[in-house]
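Trainee: Next comes start.cif, mmCIF, C-alpha atoms and all ligand atoms:
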```cif
data_upload
#
loop_
_atom_site.group_PDB
_atom_site.id
_atom_site.type_symbol
_atom_site.label_atom_id
_atom_site.label_comp_id
_atom_site.auth_asym_id
_atom_site.auth_seq_id
_atom_site.Cartn_x
_atom_site.Cartn_y
_atom_site.Cartn_z
ATOM 1 C CA MET A 1 24.894 18.524 -11.370
ATOM 2 C CA ARG A 2 27.260 15.728 -10.382
ATOM 3 C CA VAL A 3 26.704 12.343 -12.008
ATOM 4 C CA LEU A 4 28.519 9.535 -10.199
ATOM 5 C CA ILE A 5 28.441 6.025 -11.627
ATOM 6 C CA GLY A 6 29.214 3.032 -9.430
ATOM 7 C CA SER A 7 30.248 -0.315 -10.815
ATOM 8 C CA ASN A 8 27.922 -2.347 -8.564
ATOM 9 C CA SER A 9 24.957 -1.811 -6.278
ATOM 10 C CA GLN A 10 27.100 -1.724 -3.139
ATOM 11 C CA GLN A 11 29.284 1.022 -4.590
ATOM 12 C CA VAL A 12 26.202 2.974 -5.700
ATOM 13 C CA ALA A 13 24.803 2.747 -2.170
ATOM 14 C CA ARG A 14 28.079 3.809 -0.588
ATOM 15 C CA ILE A 15 28.598 6.792 -2.905
ATOM 16 C CA ALA A 16 25.023 7.916 -2.296
ATOM 17 C CA ALA A 17 25.376 7.562 1.494
ATOM 18 C CA ASP A 18 28.621 9.569 1.496
ATOM 19 C CA ASN A 19 26.872 12.346 -0.421
ATOM 20 C CA VAL A 20 23.985 12.360 2.051
ATOM 21 C CA LEU A 21 26.222 12.456 5.120
ATOM 22 C CA SER A 22 28.526 15.167 3.778
ATOM 23 C CA ALA A 23 25.615 17.612 3.372
ATOM 24 C CA LEU A 24 24.076 17.060 6.824
ATOM 25 C CA PRO A 25 25.144 18.972 9.925
ATOM 26 C CA GLU A 26 27.560 16.932 12.070
ATOM 27 C CA PRO A 27 25.786 14.806 14.693
ATOM 28 C CA GLY A 28 25.850 16.759 17.953
ATOM 29 C CA SER A 29 25.877 20.103 16.134
ATOM 30 C CA THR A 30 23.380 22.689 17.384
ATOM 31 C CA VAL A 31 21.687 22.582 13.964
ATOM 32 C CA ARG A 32 19.179 19.744 13.833
ATOM 33 C CA GLN A 33 19.410 17.367 10.863
ATOM 34 C CA VAL A 34 16.444 17.453 8.478
ATOM 35 C CA LEU A 35 16.435 14.605 5.960
ATOM 36 C CA GLY A 36 14.025 14.162 3.047
ATOM 37 C CA LEU A 37 13.051 10.520 2.569
ATOM 38 C CA ALA A 38 11.973 8.571 -0.498
ATOM 39 C CA THR A 39 10.287 5.192 -0.687
ATOM 40 C CA GLY A 40 10.996 2.671 -3.442
ATOM 41 C CA SER A 41 13.623 0.008 -3.977
ATOM 42 C CA SER A 42 16.266 2.408 -5.347
ATOM 43 C CA PRO A 43 17.382 3.978 -2.029
ATOM 44 C CA LEU A 44 17.264 0.772 0.068
ATOM 45 C CA GLY A 45 21.021 0.167 -0.255
ATOM 46 C CA LEU A 46 21.642 3.808 0.645
ATOM 47 C CA TYR A 47 19.571 3.392 3.835
ATOM 48 C CA ARG A 48 21.525 0.234 4.683
ATOM 49 C CA GLU A 49 24.779 2.197 4.283
ATOM 50 C CA LEU A 50 23.428 4.957 6.557
ATOM 51 C CA GLY A 51 22.546 2.251 9.104
ATOM 52 C CA LEU A 52 26.107 0.947 8.858
ATOM 53 C CA ALA A 53 27.424 4.475 9.424
ATOM 54 C CA VAL A 54 25.303 4.639 12.611
ATOM 55 C CA SER A 55 26.692 1.316 13.857
ATOM 56 C CA GLU A 56 30.223 2.623 13.241
ATOM 57 C CA SER A 57 29.440 5.915 15.063
ATOM 58 C CA ARG A 58 29.921 7.939 11.869
ATOM 59 C CA ALA A 59 26.289 9.047 11.917
ATOM 60 C CA ASP A 60 23.423 9.465 14.365
ATOM 61 C CA PHE A 61 19.821 9.972 13.279
ATOM 62 C CA SER A 62 18.233 9.705 16.707
ATOM 63 C CA HIS A 63 17.399 13.433 16.696
ATOM 64 C CA THR A 64 16.956 13.809 12.931
ATOM 65 C CA LEU A 65 13.641 14.982 11.491
ATOM 66 C CA GLY A 66 12.525 13.020 8.434
ATOM 67 C CA PHE A 67 10.094 14.374 5.827
ATOM 68 C CA ALA A 68 8.607 11.948 3.323
ATOM 69 C CA LEU A 69 8.054 12.861 -0.298
ATOM 70 C CA ASP A 70 4.591 11.422 -0.708
ATOM 71 C CA GLU A 71 1.717 9.282 0.532
ATOM 72 C CA TYR A 72 -1.185 7.420 -1.017
ATOM 73 C CA ILE A 73 -4.736 8.679 -0.660
ATOM 74 C CA GLY A 74 -7.410 6.152 0.194
ATOM 75 C CA ILE A 75 -5.538 3.768 2.476
ATOM 76 C CA PRO A 76 -5.161 4.255 6.236
ATOM 77 C CA GLN A 77 -1.802 5.281 7.748
ATOM 78 C CA THR A 78 -1.673 1.847 9.367
ATOM 79 C CA HIS A 79 -1.963 0.016 6.002
ATOM 80 C CA PRO A 80 1.244 -2.003 5.439
ATOM 81 C CA GLN A 81 1.680 -0.364 2.007
ATOM 82 C CA SER A 82 1.156 3.181 3.248
ATOM 83 C CA TYR A 83 4.355 5.130 2.815
ATOM 84 C CA ARG A 84 4.338 5.918 6.539
ATOM 85 C CA GLN A 85 4.518 2.211 7.391
ATOM 86 C CA THR A 86 6.986 1.555 4.580
ATOM 87 C CA LEU A 87 9.313 4.275 5.842
ATOM 88 C CA ILE A 88 9.071 3.030 9.437
ATOM 89 C CA THR A 89 10.128 -0.444 8.276
ATOM 90 C CA GLU A 90 12.672 0.514 5.619
ATOM 91 C CA VAL A 91 14.157 3.669 7.102
ATOM 92 C CA CYS A 92 13.337 4.282 10.780
ATOM 93 C CA ASN A 93 14.158 0.711 11.783
ATOM 94 C CA VAL A 94 17.343 0.733 9.701
ATOM 95 C CA ILE A 95 18.911 4.121 10.505
ATOM 96 C CA GLY A 96 17.425 4.787 13.937
ATOM 97 C CA LEU A 97 15.239 7.749 12.966
ATOM 98 C CA ARG A 98 12.440 7.905 15.549
ATOM 99 C CA PRO A 99 8.917 7.305 14.173
ATOM 100 C CA GLU A 100 7.742 10.371 16.130
ATOM 101 C CA ASN A 101 10.259 12.422 14.114
ATOM 102 C CA LEU A 102 8.929 11.071 10.809
ATOM 103 C CA PHE A 103 6.552 13.384 8.938
ATOM 104 C CA VAL A 104 4.516 12.075 6.024
ATOM 105 C CA PRO A 105 1.944 13.940 3.909
ATOM 106 C CA GLN A 106 -1.568 13.192 5.111
ATOM 107 C CA GLY A 107 -3.505 11.028 2.667
ATOM 108 C CA THR A 108 -6.693 10.800 4.717
ATOM 109 C CA GLY A 109 -9.283 13.362 5.750
ATOM 110 C CA ASN A 110 -12.956 14.210 5.900
ATOM 111 C CA SER A 111 -12.906 16.191 2.669
ATOM 112 C CA VAL A 112 -10.711 16.928 -0.319
ATOM 113 C CA ILE A 113 -10.338 20.475 1.015
ATOM 114 C CA ALA A 114 -9.090 19.121 4.356
ATOM 115 C CA VAL A 115 -6.512 16.897 2.616
ATOM 116 C CA GLN A 116 -5.274 19.831 0.506
ATOM 117 C CA LYS A 117 -5.143 22.047 3.612
ATOM 118 C CA ALA A 118 -2.956 19.413 5.316
ATOM 119 C CA ALA A 119 -0.745 19.397 2.186
ATOM 120 C CA ASP A 120 -0.346 23.181 2.420
ATOM 121 C CA ASP A 121 0.502 22.814 6.112
ATOM 122 C CA TYR A 122 3.108 20.164 5.227
ATOM 123 C CA ASP A 123 5.101 22.692 3.184
ATOM 124 C CA THR A 124 4.765 25.181 6.041
ATOM 125 C CA SER A 125 6.095 22.630 8.542
ATOM 126 C CA ILE A 126 9.143 21.912 6.346
ATOM 127 C CA ALA A 127 9.882 25.627 6.124
ATOM 128 C CA ALA A 128 9.350 26.027 9.892
ATOM 129 C CA VAL A 129 12.268 23.689 10.673
ATOM 130 C CA GLY A 130 14.543 25.502 8.250
ATOM 131 C CA GLY A 131 14.001 23.288 5.204
ATOM 132 C CA VAL A 132 15.212 19.857 4.181
ATOM 133 C CA GLN A 133 19.010 19.719 4.112
ATOM 134 C CA VAL A 134 19.312 16.611 1.952
ATOM 135 C CA GLN A 135 16.483 15.134 -0.107
ATOM 136 C CA ILE A 136 16.888 11.478 -1.089
ATOM 137 C CA LEU A 137 15.167 10.650 -4.381
ATOM 138 C CA GLY A 138 14.421 7.778 -6.710
ATOM 139 C CA ILE A 139 12.905 8.241 -10.144
ATOM 140 C CA GLY A 140 9.928 6.526 -11.738
ATOM 141 C CA ALA A 141 10.316 4.736 -15.073
ATOM 142 C CA ASN A 142 8.140 7.552 -16.490
ATOM 143 C CA GLY A 143 10.433 10.216 -15.031
ATOM 144 C CA HIS A 144 8.354 11.038 -11.965
ATOM 145 C CA LEU A 145 9.918 12.431 -8.789
ATOM 146 C CA GLY A 146 7.978 11.626 -5.642
ATOM 147 C CA PHE A 147 4.587 11.235 -7.272
ATOM 148 C CA ASN A 148 4.960 14.253 -9.555
ATOM 149 C CA GLU A 149 3.756 12.575 -12.703
ATOM 150 C CA PRO A 150 4.579 13.805 -16.226
ATOM 151 C CA GLY A 151 2.692 17.063 -16.708
ATOM 152 C CA SER A 152 3.426 18.316 -13.182
ATOM 153 C CA ALA A 153 4.117 22.031 -12.869
ATOM 154 C CA LEU A 154 7.811 22.639 -12.420
ATOM 155 C CA ARG A 155 7.177 24.968 -9.448
ATOM 156 C CA SER A 156 4.373 22.901 -7.882
ATOM 157 C CA ARG A 157 3.865 22.684 -4.120
ATOM 158 C CA THR A 158 2.698 19.744 -1.995
ATOM 159 C CA ARG A 159 -0.714 18.775 -3.317
ATOM 160 C CA ILE A 160 -3.116 16.056 -4.362
ATOM 161 C CA LYS A 161 -2.188 14.297 -7.608
ATOM 162 C CA ARG A 162 -3.753 11.629 -9.780
ATOM 163 C CA LEU A 163 -1.389 8.669 -10.250
ATOM 164 C CA ALA A 164 -0.424 7.799 -13.832
ATOM 165 C CA SER A 165 -1.556 4.393 -15.127
ATOM 166 C CA LYS A 166 2.125 3.420 -15.551
ATOM 167 C CA THR A 167 2.834 4.208 -11.889
ATOM 168 C CA ARG A 168 -0.188 2.214 -10.716
ATOM 169 C CA GLU A 169 0.945 -0.730 -12.846
ATOM 170 C CA ASP A 170 4.514 -0.462 -11.528
ATOM 171 C CA ASN A 171 3.298 -0.355 -7.920
ATOM 172 C CA ALA A 172 0.653 -3.089 -8.296
ATOM 173 C CA ARG A 173 3.277 -5.607 -7.155
ATOM 174 C CA PHE A 174 2.924 -4.224 -3.627
ATOM 175 C CA PHE A 175 -0.863 -4.678 -3.560
ATOM 176 C CA SER A 176 -3.154 -7.631 -4.213
ATOM 177 C CA GLY A 177 -3.874 -6.527 -7.775
ATOM 178 C CA ILE A 178 -4.091 -3.272 -9.710
ATOM 179 C CA ASN A 179 -7.635 -2.600 -8.454
ATOM 180 C CA HIS A 180 -6.257 -2.225 -4.942
ATOM 181 C CA VAL A 181 -3.660 0.395 -5.937
ATOM 182 C CA PRO A 182 -4.848 3.871 -4.930
ATOM 183 C CA THR A 183 -5.683 6.254 -7.774
ATOM 184 C CA HIS A 184 -4.515 9.418 -5.983
ATOM 185 C CA CYS A 185 -1.776 10.592 -3.679
ATOM 186 C CA VAL A 186 -0.396 13.628 -1.887
ATOM 187 C CA THR A 187 3.111 14.497 -3.044
ATOM 188 C CA GLN A 188 5.639 17.193 -2.340
ATOM 189 C CA GLY A 189 5.671 19.447 -5.381
ATOM 190 C CA LEU A 190 8.644 19.842 -7.680
ATOM 191 C CA GLY A 191 9.054 23.372 -6.316
ATOM 192 C CA THR A 192 9.049 21.984 -2.765
ATOM 193 C CA ILE A 193 11.668 19.361 -3.641
ATOM 194 C CA LEU A 194 13.876 21.975 -5.304
ATOM 195 C CA GLU A 195 14.081 23.910 -2.015
ATOM 196 C CA ALA A 196 16.134 21.153 -0.348
ATOM 197 C CA GLY A 197 19.795 22.017 0.196
ATOM 198 C CA ARG A 198 21.064 18.988 -1.724
ATOM 199 C CA LEU A 199 19.290 16.406 -3.853
ATOM 200 C CA VAL A 200 20.699 12.867 -3.934
ATOM 201 C CA LEU A 201 18.969 10.729 -6.554
ATOM 202 C CA VAL A 202 19.681 7.009 -6.870
ATOM 203 C CA ALA A 203 18.725 4.938 -9.927
ATOM 204 C CA THR A 204 19.780 1.456 -10.953
ATOM 205 C CA GLY A 205 18.869 -0.959 -13.741
ATOM 206 C CA PHE A 206 18.047 -0.693 -17.449
ATOM 207 C CA GLY A 207 14.414 0.068 -16.595
ATOM 208 C CA LYS A 208 15.517 3.544 -15.469
ATOM 209 C CA ALA A 209 17.911 4.286 -18.351
ATOM 210 C CA ASP A 210 15.415 6.232 -20.501
ATOM 211 C CA ALA A 211 14.080 8.250 -17.566
ATOM 212 C CA ILE A 212 17.628 9.120 -16.464
ATOM 213 C CA ALA A 213 18.685 10.174 -19.976
ATOM 214 C CA ALA A 214 15.577 12.362 -20.305
ATOM 215 C CA ALA A 215 16.009 13.871 -16.835
ATOM 216 C CA LEU A 216 19.723 14.648 -17.114
ATOM 217 C CA GLU A 217 20.229 15.365 -20.805
ATOM 218 C CA GLY A 218 16.772 16.089 -22.199
ATOM 219 C CA PRO A 219 15.007 19.445 -22.178
ATOM 220 C CA LEU A 220 13.696 20.936 -18.945
ATOM 221 C CA SER A 221 10.088 19.904 -19.307
ATOM 222 C CA ALA A 222 6.996 18.969 -17.327
ATOM 223 C CA SER A 223 6.914 15.890 -19.556
ATOM 224 C CA CYS A 224 9.894 14.601 -17.563
ATOM 225 C CA PRO A 225 9.528 15.832 -13.967
ATOM 226 C CA GLY A 226 13.022 14.519 -13.164
ATOM 227 C CA SER A 227 14.441 17.194 -15.481
ATOM 228 C CA VAL A 228 14.018 19.718 -12.623
ATOM 229 C CA LEU A 229 17.296 18.314 -11.308
ATOM 230 C CA GLN A 230 18.877 20.566 -13.932
ATOM 231 C CA LEU A 231 17.600 23.597 -11.985
ATOM 232 C CA HIS A 232 19.169 22.607 -8.670
ATOM 233 C CA PRO A 233 22.593 23.987 -7.715
ATOM 234 C CA ASP A 234 23.585 20.880 -5.718
ATOM 235 C CA ALA A 235 22.069 17.803 -7.340
ATOM 236 C CA VAL A 236 23.972 14.518 -7.083
ATOM 237 C CA VAL A 237 22.829 11.616 -9.279
ATOM 238 C CA VAL A 238 24.208 8.178 -8.402
ATOM 239 C CA LEU A 239 23.754 5.453 -11.013
ATOM 240 C CA ASP A 240 24.885 1.986 -11.943
ATOM 241 C CA ASP A 241 26.119 1.213 -15.467
ATOM 242 C CA ALA A 242 22.683 0.012 -16.580
ATOM 243 C CA ALA A 243 20.838 3.167 -15.490
ATOM 244 C CA ALA A 244 23.623 5.250 -17.089
ATOM 245 C CA SER A 245 23.555 3.271 -20.352
ATOM 246 C CA ARG A 246 21.612 5.859 -22.390
ATOM 247 C CA LEU A 247 23.643 8.887 -21.286
ATOM 248 C CA LYS A 248 25.510 10.643 -24.091
ATOM 249 C CA LEU A 249 27.889 12.501 -21.772
ATOM 250 C CA ARG A 250 29.066 9.460 -19.792
ATOM 251 C CA GLU A 251 32.739 10.039 -20.542
ATOM 252 C CA TYR A 252 32.513 13.630 -19.320
ATOM 253 C CA TYR A 253 30.764 12.575 -16.094
ATOM 254 C CA ASP A 254 33.496 10.021 -15.388
ATOM 255 C CA ASP A 255 36.237 12.603 -16.026
ATOM 256 C CA ALA A 256 34.507 15.193 -13.833
ATOM 257 C CA ALA A 257 33.927 12.664 -11.035
ATOM 258 C CA ALA A 258 37.700 12.440 -10.584
ATOM 259 C CA GLY A 259 37.499 15.976 -9.138
ATOM 260 C CA ILE A 260 40.087 18.740 -8.993
ATOM 261 C CA SER A 261 43.297 18.973 -6.996
ATOM 262 C CA GLU A 262 46.257 21.366 -6.703
ATOM 263 C CA GLU A 263 47.983 19.756 -9.689
ATOM 264 C CA HIS A 264 45.204 21.135 -11.894
ATOM 265 C CA LEU A 265 46.052 24.657 -10.723
ATOM 266 C CA VAL A 266 49.546 24.474 -12.246
ATOM 267 C CA VAL A 267 49.665 26.972 -15.087
ATOM 268 C CA LEU A 268 50.296 25.111 -18.350
HETATM 269 C C1 LIG B 301 7.321 5.384 -6.250
HETATM 270 C C2 LIG B 301 7.698 6.567 -5.354
HETATM 271 C C3 LIG B 301 8.883 7.317 -5.888
HETATM 272 C C4 LIG B 301 9.975 6.347 -6.307
HETATM 273 C C5 LIG B 301 9.466 5.463 -7.412
HETATM 274 C C6 LIG B 301 10.497 4.520 -7.975
HETATM 275 O O1 LIG B 301 6.394 5.682 -7.222
HETATM 276 N N1 LIG B 301 6.619 7.464 -5.143
HETATM 277 O O2 LIG B 301 9.360 8.211 -4.897
HETATM 278 O O3 LIG B 301 11.115 7.064 -6.743
HETATM 279 O O4 LIG B 301 8.389 4.718 -6.883
HETATM 280 O O5 LIG B 301 10.555 3.352 -7.221
HETATM 281 P P1 LIG B 301 11.698 2.268 -7.335
HETATM 282 O O6 LIG B 301 12.900 2.876 -6.708
HETATM 283 O O7 LIG B 301 11.192 1.101 -6.562
HETATM 284 O O8 LIG B 301 11.881 1.982 -8.774
#
```
Please lay out the structure from this file as structure tokens.
Ligand code: GLP

Mentor:
Amino acid sequence: MRVLIGSNSQQVARIAADNVLSALPEPGSTVRQVLGLATGSSPLGLYRELGLAVSESRADFSHTLGFALDEYIGIPQTHPQSYRQTLITEVCNVIGLRPENLFVPQGTGNSVIAVQKAADDYDTSIAAVGGVQVQILGIGANGHLGFNEPGSALRSRTRIKRLASKTREDNARFFSGINHVPTHCVTQGLGTILEAGRLVLVATGFGKADAIAAALEGPLSASCPGSVLQLHPDAVVVLDDAAASRLKLREYYDDAAAGISEEHLVVL
């Protein structure tokens, strides 16, 4: 795992964007880009940086496929707070990913079985395009990834989940009161997320410090879904000082972030 700590939100966004772009096939390559998308405030600066890269011809998402992490159950796709609409506004419109190339788990259906069947099909459709190359992630204050709440199976697949009370409270600000926040969702599973080629997680602010410390330095445990980052061979975690404030290994991360060069190969 690489832990990279920026000194301000702009730097965090830029470091995260660089780590997304470096793991995607070059624009114009015969391999189509497949990007995993997260909602939430944490990656907004990253998306702005990707938009800047497009305007400077360093990136092109016009043929990229985007797969969302999760979606609410019980609100229509057209609801302004549905993750489909949120991603169209906050990602498609910013980086030039076409809405027809945006795939979001289906949170509506005639039966619970139909919604779960669509969730199964979602994993199949990710696999059918060769898998997500880079998955962008935030983390919940309770350690959730996507909507994999504490207690989620570490190898779970895309499925229906009950939202934790803490998550519903945290997200109530986007709805007209807690009673309007859905109780359930469809989320990529932790096992699904772990299949992405690279994970880039962004977290900022003191409110995330405990979740980050538990995810990066705590035990691998369903009690902190973010701890599955420890299982991934190419996980990049980009933090500000506040989100990094409870990390015990901060000094080591800073030393390691400086990288290796030929001078380190000189035999002592
Ligand atoms: C939601 C999303 C998560 C996101 C989390 C944190 O619950 N389902 O994918 O990581 O919120 O959001 P924020 O970045 O706004 O703190």

Trainee: Compile a residue-level contact table for chain A against ligand LIG 301 (chain B) at a cut-off of 6 Å, reporting for every qualifying residue the shortest atom pair and its distance in Å to one decimal, with only C-alpha atoms and all ligand atoms counted, rows ordered by chain and ascending number, as a Markdown table.

Mentor:
```
| residue | atom | partner | partner_atom | distance |
| --- | --- | --- | --- | --- |
| A:Ala38 | CA | B:LIG301 | O2 | 5.1 |
| A:Thr39 | CA | B:LIG301 | O2 | 5.3 |
| A:Gly40 | CA | B:LIG301 | O7 | 3.5 |
| A:Ser41 | CA | B:LIG301 | O7 | 3.7 |
| A:Ser42 | CA | B:LIG301 | O6 | 3.7 |
| A:Leu137 | CA | B:LIG301 | O3 | 5.9 |
| A:Gly138 | CA | B:LIG301 | O3 | 3.4 |
| A:Ile139 | CA | B:LIG301 | O3 | 4.0 |
| A:Gly140 | CA | B:LIG301 | C6 | 4.3 |
| A:Leu145 | CA | B:LIG301 | O2 | 5.8 |
| A:Gly146 | CA | B:LIG301 | O2 | 3.8 |
| A:Phe147 | CA | B:LIG301 | N1 | 4.8 |
```

Trainee: Each residue of segment 133-232 of chain A with at least one atom at most 8 Å from segment 103-121 of chain A should appear once, together with its nearest atom pair and the corresponding distance in Å (one decimal); atoms considered: only C-alpha atoms; ordering: chain, then increasing residue number; output as a Markdown table.

Mentor:
```
| residue | atom | partner | partner_atom | distance |
| --- | --- | --- | --- | --- |
| A:Arg157 | CA | A:Asp120 | CA | 7.8 |
| A:Thr158 | CA | A:Ala119 | CA | 5.4 |
| A:Arg159 | CA | A:Ala119 | CA | 5.5 |
| A:Ile160 | CA | A:Gln116 | CA | 6.5 |
| A:Cys185 | CA | A:Gly107 | CA | 6.6 |
| A:Val186 | CA | A:Gly107 | CA | 6.1 |
| A:Thr187 | CA | A:Pro105 | CA | 7.1 |
| A:Gln188 | CA | A:Pro105 | CA | 8.0 |
```

Trainee: For the residues in that selection, give me C-alpha atoms as a CSV table (one decimal), in the coordinates of the input.

Mentor:
```csv
chain,number,residue,atom,x,y,z
A,157,ARG,CA,3.9,22.7,-4.1
A,158,THR,CA,2.7,19.7,-2.0
A,159,ARG,CA,-0.7,18.8,-3.3
A,160,ILE,CA,-3.1,16.1,-4.4
A,185,CYS,CA,-1.8,10.6,-3.7
A,186,VAL,CA,-0.4,13.6,-1.9
A,187,THR,CA,3.1,14.5,-3.0
A,188,GLN,CA,5.6,17.2,-2.3
```

Trainee: Using all atoms listed in the file, which of the listed residues (A:Pro225, A:Pro219, A:Gly189, A:Gly96) sits closest to Ala68 of chain A?

Mentor: A:Gly189

Trainee: Kindly extract all protein, DNA and RNA residues lying within 6 Å of the coordinates (5.9, 15.9, -15.3) given in the file, considering only C-alpha atoms, and supply them as a PyMOL selection string.

Mentor: chain A and resi 149-152+222-225

Trainee: Report the distance between atom CA of Ser221 of chain A and atom CA of Ala153 of chain A in Å, rounded to one decimal place.

Mentor: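 A separation of 9.0 Å between them.
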
Trainee: Expressed in Å to a single decimal, how great is the separation between atom CA of Asn19 of chain A and atom CA of Tyr72 of chain A?

Mentor: 28.5 Å

Trainee: If you count all atoms listed in the file, which residues fall within 10 Å of Asp60 of chain A, apart from same-chain ones fewer than 3 positions away, as a ChimeraX atom specification?

Mentor: /A:26-28,33,50-51,53-57,63-64,95-97

Trainee: With only C-alpha atoms as the atoms that count, which of A:Val200, A:Leu44, A:Ile178, A:Val94 lies nearest to Asp18 of chain A?

Mentor: A:Val200

Trainee: Grab the atom CA of Ser9 of chain A to atom CA of Leu21 of chain A distance for me, in Å with one decimal place.

Mentor: 18.3 Å

Trainee: Between A:Ala243, A:Val266, A:Ala235, A:Leu249, which is the closest to Met1 of chain A once you count only C-alpha atoms?

Mentor: A:Ala235
